[in-house]
Every structure is written in structure tokens, then in C-alpha cells.
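Chemist: Structure provided below as C-alpha cells; questions to follow.
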Amino acid sequence: MRDSETPAIRELDLFRDMSEEHFDELFRGAYVQTFPPQVDLITEGDACDFLHIVISGSVELFASWNGRETTMATVRPIATFILAATIKDAPYLMSARTAEKSRIIMLPAVDVRKVFDRDFDFARAVVTELAQCYRSVVKHSKNLKLRSSIERLANYLLRKNQDAGSEGCFELSMEKRMIASYLGMTPENLSRAFKALQPYGVEVDGNRITLRQIEDLRSLAKPTPRIDDPNH
């Protein structure tokens, strides 16, 4: 691992408060690799061998069943994924692949569990992160079950606009097929939903989105922190 990468990793909530000794011990056994796009990193159902940290690029988490596939989440730097399977020593519930060229750190799962047993601050950070992940899953489930496809897309665009600085114009960071899958839609339904939002000032030019009537869009979307605020 590059020395320049260590401070940013150390500042992650998961590692910030753990002892220097345990941090050094954990990362002494780390593997670091750069992967090209569309490389499978883990496979649903396999035993968990590593906790992964995305340093650059992005990773798509997805699941498959009976010939169908859906996007569960996209992980961007700097962030970990598959923490629950690592701590529980359980099979992966999702697969993961690089969405673009990505640099990944892999911490042996057995080392993570050893430090978890010995470092109270690290263990508390793990519990906090897993609790946040659980709340995110509940919010995503509520979004899928309580809203129409148009309402889901409207809220998604409002969140992305806020992330981009609330300028009313931004680039989609994921392929539209991945957005459709994440929102529980087919690509065709996503296209129809974008057209349905045109009267609310939504303009689409490739991956560039312009929101001309944000208040009208917000009136349709009815965002709530109990679904849409990632920190709530």
C-alpha cells in the first residue's frame, strides 16, 4: 500500500479510533491491486476471504437469481464493502465487479476478525457501520415498496443534484442500466419515467441531467429524511 494512501484510510470511520498497533497489524497483511473494468471481485455464495476497500474507481455490487440480475449498490472511494460477511465469516450475499478501472485493498477476513476481538474501538466502529448499513437497506426497501417508479426516479435525481452542489445540472455517475436496476426498473421503464418527468423540468442529454423546475420536481417526489437522508 502506498504511504500516500494511509492517511485517508486511517480517517475512515471504521479505522479512525483503533490503536496504531492494531491498524499496522491489520494492514501488514493487506493485498493491493489495480483491476480493469468489468472484473469480478467476489461471487455470491462463495466464502468470504477478504474485506475490500475501494481506493479509486468504483465497484458495482449486484445479485442474481433465476436468470435475473439486479444492482444492489455502487461503492466509490474511499469505502469498504462486504463488512457483514467478513465479521460473520459467512458466504457473500452479493457479487461485486469493477465498474471502471479500480484500485482495491484486500484485508484478509481472518485478520479483521482477530483485530475485532481485541480492539474495542474498532469493534464499536464495526457495529456502528453495520447499523448504518442496516438502516440504508431499510430505506432502500421503503423506497422500492412505497413509491412509484416515477417518484423513485424523481427522488434519485434530487439526491444526485444535491450531491453535485445543487446547481440544477449534473452528470449521471452510473450507466443508465445500473440506475434502472438499482431503482427496481427495467431500462425501458427508466426511459419512460424520464419522459414522464419532462413536464417537471427534467431534461436529459446523454448522461447530463438538467433540472429546470426543482420545486415542481420536489412537490412530486415528496422527499423525506426517513428514506432519502443517508445520515438520518
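By convention in this document, the chains of the C-alpha cells carry letters A, B, ... by their order, each chain's residues are numbered from 1, and ligands are numbered from 1 in the order they are shown.
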Just want the 8 Å neighbourhood of A:Ser102, counted on only C-alpha atoms, with same-chain residues fewer than 6 positions away dropped. Output as a tab-separated table (two decimals) with C-alpha atoms, in the first residue's frame.

Modeler:
```
chain	number	residue	atom	x	y	z
A	34	THR	CA	-5.46	-2.40	-9.69
A	35	PHE	CA	-8.22	-4.04	-11.73
A	36	PRO	CA	-9.53	-3.14	-15.22
A	37	PRO	CA	-13.29	-2.56	-15.74
A	54	VAL	CA	-12.06	0.87	-2.83
A	55	ILE	CA	-9.22	3.39	-3.21
A	56	SER	CA	-10.02	4.60	-6.72
A	57	GLY	CA	-12.58	3.82	-9.41
A	58	SER	CA	-15.90	2.24	-8.46
A	59	VAL	CA	-17.38	-1.20	-7.78
```

Chemist: Could you list, with a cut-off of 12 Å and counting only C-alpha atoms, the residues of stretch 47-106 of chain A near stretch 130-133 of chain A, each shown with its nearest atom pair and the distance in Å rounded to one decimal, rows sorted by chain and ascending number, as CSV?

Modeler:
```
residue,atom,partner,partner_atom,distance
A:Ala73,CA,A:Cys133,CA,11.3
A:Thr80,CA,A:Leu130,CA,11.3
A:Phe81,CA,A:Cys133,CA,10.2
A:Ile82,CA,A:Leu130,CA,10.1
A:Leu83,CA,A:Leu130,CA,7.6
A:Ala84,CA,A:Leu130,CA,6.8
A:Ala85,CA,A:Leu130,CA,10.6
A:Thr86,CA,A:Leu130,CA,11.3
A:Ile87,CA,A:Leu130,CA,10.0
A:Lys88,CA,A:Leu130,CA,11.4
```

Chemist: Measuring atom to atom with only C-alpha atoms, identify which of A:Asp3, A:Asp89, A:Leu61, A:Leu190 is nearest to A:Lys114.

Modeler: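 When distances to A:Lys114 are compared using only C-alpha atoms, the smallest one comes from A:Asp89.
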
Chemist: What is the distance, in Å and to one decimal place, between atom CA of A:Thr6 and atom CA of A:Ala123?

Modeler: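 Atom CA of A:Ala123 lies 20.1 Å from atom CA of A:Thr6.
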
Chemist: Excluding same-chain residues fewer than 4 positions from A:Glu60, what lies within 6 Å of it counting only C-alpha atoms, as a VMD selection string?

Modeler: chain A and resid 74 96 to 97 99

Chemist: Could those residues be written to a file, using C-alpha atoms, as a tab-separated table (two decimals), in the first residue's frame?

Modeler:
```
chain	number	residue	atom	x	y	z
A	74	THR	CA	-22.24	1.21	-6.17
A	96	ALA	CA	-19.02	-7.48	-6.96
A	97	ARG	CA	-17.31	-6.29	-10.14
A	99	ALA	CA	-17.46	-0.61	-12.93
```

Chemist: Which neighbours of stretch 11-21 of chain A fall inside 10 Å, counting only C-alpha atoms, when residues of the same chain fewer than 4 positions from it are skipped, and could you give them as a list in words?

Modeler: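 Non-adjacent residues within range: Thr6, Pro7, Glu25, Leu26, Ile78, Ala79, Thr80, Val115, Phe116, Asp119, Phe120, Asp121, Phe122, Ala123, Arg124, Ala125, Val126, Val127, Thr128 and Glu129 of chain A.
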
Chemist: Among the residues of stretch 57-213 of chain A, find those DSSP assigns to strand (DSSP E) from the backbone and print them as a VMD selection string.

Modeler: chain A and resid 59 to 65 68 to 75 79 to 81 95 to 98 102 to 108 169 to 171 202 to 205 208 to 211

Chemist: List the spatial neighbours of A:Arg177 as a PDB file with all heavy atoms, in the first residue's frame - criterion: any atom at most 10 Å away, only C-alpha atoms, same-chain residues fewer than 5 positions off excluded.

Modeler:
```
ATOM      1  N   THR A  70     -29.719  -7.889 -10.539  1.00  0.00           N
ATOM      2  CA  THR A  70     -30.068  -6.544 -10.102  1.00  0.00           C
ATOM      3  C   THR A  70     -28.883  -5.881  -9.432  1.00  0.00           C
ATOM      4  O   THR A  70     -28.069  -6.543  -8.762  1.00  0.00           O
ATOM      5  CB  THR A  70     -31.262  -6.559  -9.124  1.00  0.00           C
ATOM      6  OG1 THR A  70     -31.678  -5.214  -8.843  1.00  0.00           O
ATOM      7  CG2 THR A  70     -30.915  -7.253  -7.807  1.00  0.00           C
ATOM      8  N   THR A  71     -28.737  -4.575  -9.618  1.00  0.00           N
ATOM      9  CA  THR A  71     -27.710  -3.791  -8.947  1.00  0.00           C
ATOM     10  C   THR A  71     -28.166  -3.469  -7.537  1.00  0.00           C
ATOM     11  O   THR A  71     -29.257  -2.937  -7.330  1.00  0.00           O
ATOM     12  CB  THR A  71     -27.439  -2.484  -9.712  1.00  0.00           C
ATOM     13  OG1 THR A  71     -26.966  -2.793 -11.031  1.00  0.00           O
ATOM     14  CG2 THR A  71     -26.402  -1.636  -8.991  1.00  0.00           C
ATOM     15  N   TYR A 182     -30.929  -0.463  -9.956  1.00  0.00           N
ATOM     16  CA  TYR A 182     -30.907  -0.001  -8.563  1.00  0.00           C
ATOM     17  C   TYR A 182     -32.275   0.500  -8.116  1.00  0.00           C
ATOM     18  O   TYR A 182     -32.687   0.296  -6.968  1.00  0.00           O
ATOM     19  CB  TYR A 182     -29.864   1.104  -8.405  1.00  0.00           C
ATOM     20  CG  TYR A 182     -29.809   1.698  -7.029  1.00  0.00           C
ATOM     21  CD1 TYR A 182     -29.280   0.971  -5.959  1.00  0.00           C
ATOM     22  CD2 TYR A 182     -30.289   2.982  -6.784  1.00  0.00           C
ATOM     23  CE1 TYR A 182     -29.230   1.511  -4.684  1.00  0.00           C
ATOM     24  CE2 TYR A 182     -30.240   3.531  -5.512  1.00  0.00           C
ATOM     25  CZ  TYR A 182     -29.713   2.801  -4.468  1.00  0.00           C
ATOM     26  OH  TYR A 182     -29.674   3.341  -3.210  1.00  0.00           O
ATOM     27  N   LEU A 183     -33.004   1.132  -9.029  1.00  0.00           N
ATOM     28  CA  LEU A 183     -34.324   1.682  -8.710  1.00  0.00           C
ATOM     29  C   LEU A 183     -35.450   0.677  -8.927  1.00  0.00           C
ATOM     30  O   LEU A 183     -36.629   1.030  -8.815  1.00  0.00           O
ATOM     31  CB  LEU A 183     -34.583   2.941  -9.547  1.00  0.00           C
ATOM     32  CG  LEU A 183     -33.669   4.139  -9.256  1.00  0.00           C
ATOM     33  CD1 LEU A 183     -33.980   5.296 -10.210  1.00  0.00           C
ATOM     34  CD2 LEU A 183     -33.803   4.593  -7.811  1.00  0.00           C
ATOM     35  N   MET A 185     -36.247  -1.045 -11.767  1.00  0.00           N
ATOM     36  CA  MET A 185     -36.922  -0.800 -13.030  1.00  0.00           C
ATOM     37  C   MET A 185     -36.160  -1.483 -14.161  1.00  0.00           C
ATOM     38  O   MET A 185     -34.987  -1.816 -14.014  1.00  0.00           O
ATOM     39  CB  MET A 185     -36.990   0.725 -13.298  1.00  0.00           C
ATOM     40  CG  MET A 185     -37.654   1.509 -12.177  1.00  0.00           C
ATOM     41  SD  MET A 185     -37.202   3.265 -12.151  1.00  0.00           S
ATOM     42  CE  MET A 185     -37.893   3.815 -13.698  1.00  0.00           C
ATOM     43  N   THR A 186     -36.821  -1.662 -15.286  1.00  0.00           N
ATOM     44  CA  THR A 186     -36.131  -2.082 -16.497  1.00  0.00           C
ATOM     45  C   THR A 186     -35.601  -0.829 -17.197  1.00  0.00           C
ATOM     46  O   THR A 186     -36.092   0.292 -16.950  1.00  0.00           O
ATOM     47  CB  THR A 186     -37.076  -2.826 -17.451  1.00  0.00           C
ATOM     48  OG1 THR A 186     -38.089  -1.902 -17.910  1.00  0.00           O
ATOM     49  CG2 THR A 186     -37.726  -4.015 -16.757  1.00  0.00           C
ATOM     50  N   PRO A 187     -34.615  -0.959 -18.086  1.00  0.00           N
ATOM     51  CA  PRO A 187     -34.140   0.211 -18.832  1.00  0.00           C
ATOM     52  C   PRO A 187     -35.263   0.900 -19.609  1.00  0.00           C
ATOM     53  O   PRO A 187     -35.288   2.135 -19.718  1.00  0.00           O
ATOM     54  CB  PRO A 187     -33.083  -0.376 -19.773  1.00  0.00           C
ATOM     55  CG  PRO A 187     -32.570  -1.574 -19.047  1.00  0.00           C
ATOM     56  CD  PRO A 187     -33.765  -2.141 -18.339  1.00  0.00           C
ATOM     57  N   GLU A 188     -36.213   0.098 -20.116  1.00  0.00           N
ATOM     58  CA  GLU A 188     -37.343   0.683 -20.853  1.00  0.00           C
ATOM     59  C   GLU A 188     -38.230   1.514 -19.932  1.00  0.00           C
ATOM     60  O   GLU A 188     -38.679   2.610 -20.294  1.00  0.00           O
ATOM     61  CB  GLU A 188     -38.160  -0.429 -21.513  1.00  0.00           C
ATOM     62  CG  GLU A 188     -37.426  -1.203 -22.615  1.00  0.00           C
ATOM     63  CD  GLU A 188     -36.416  -2.194 -22.085  1.00  0.00           C
ATOM     64  OE1 GLU A 188     -36.513  -2.554 -20.882  1.00  0.00           O
ATOM     65  OE2 GLU A 188     -35.536  -2.607 -22.856  1.00  0.00           O
ATOM     66  N   LEU A 190     -37.247   2.940 -17.200  1.00  0.00           N
ATOM     67  CA  LEU A 190     -36.487   4.136 -16.834  1.00  0.00           C
ATOM     68  C   LEU A 190     -36.637   5.206 -17.905  1.00  0.00           C
ATOM     69  O   LEU A 190     -36.835   6.389 -17.594  1.00  0.00           O
ATOM     70  CB  LEU A 190     -35.010   3.795 -16.636  1.00  0.00           C
ATOM     71  CG  LEU A 190     -34.103   4.977 -16.279  1.00  0.00           C
ATOM     72  CD1 LEU A 190     -34.447   5.517 -14.897  1.00  0.00           C
ATOM     73  CD2 LEU A 190     -32.628   4.571 -16.342  1.00  0.00           C
TER      74      LEU A 190
END
```

Chemist: Would you return as a ChimeraX atom specification the members of stretch 9-184 of chain A that DSSP assigns to alpha helix (DSSP H) on this structure's backbone?

Modeler: /A:9-10,20-28,83-88,109-118,120-146,149-163,176-182

Chemist: A:Asp229: which residues within 12 Å, counting only C-alpha atoms, same-chain residues fewer than 3 positions away excluded, as a ChimeraX atom specification?

Modeler: /A:132,135-136,139-140,143,155-156,158-160,162-163,223-226,232

Chemist: What's the 6 Å shell around stretch 201-209 of chain A, counting only C-alpha atoms, without same-chain residues fewer than 6 positions away, as a list in words?

Modeler: Cys169, Phe170, Glu171 and Leu172 of chain A

Chemist: Between A:Asn66, A:Asn231, A:Thr98, A:Thr210, which is the closest to A:Glu167 once you count only C-alpha atoms?

Modeler: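 Answer, going by the shortest atom-to-atom distance: A:Thr210.
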
Chemist: What does the distance between atom CA of A:Asn161 and atom CA of A:Ile104 come to in Å, to one decimal place?

Modeler: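 The value is 27.9 Å.
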
Chemist: Nearest to A:Ile9: which of A:Ile214, A:Ile227, A:Val138, A:Asp24 is it, counting only C-alpha atoms?

Modeler: A:Asp24

Chemist: Between A:Ala154, A:Val112, A:Leu146, A:Ile42, which has the minimum distance to A:Gly29 (counting only C-alpha atoms)?

Modeler: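 Of A:Ala154, A:Val112, A:Leu146, A:Ile42, the one nearest A:Gly29, counting only C-alpha atoms, is A:Val112.
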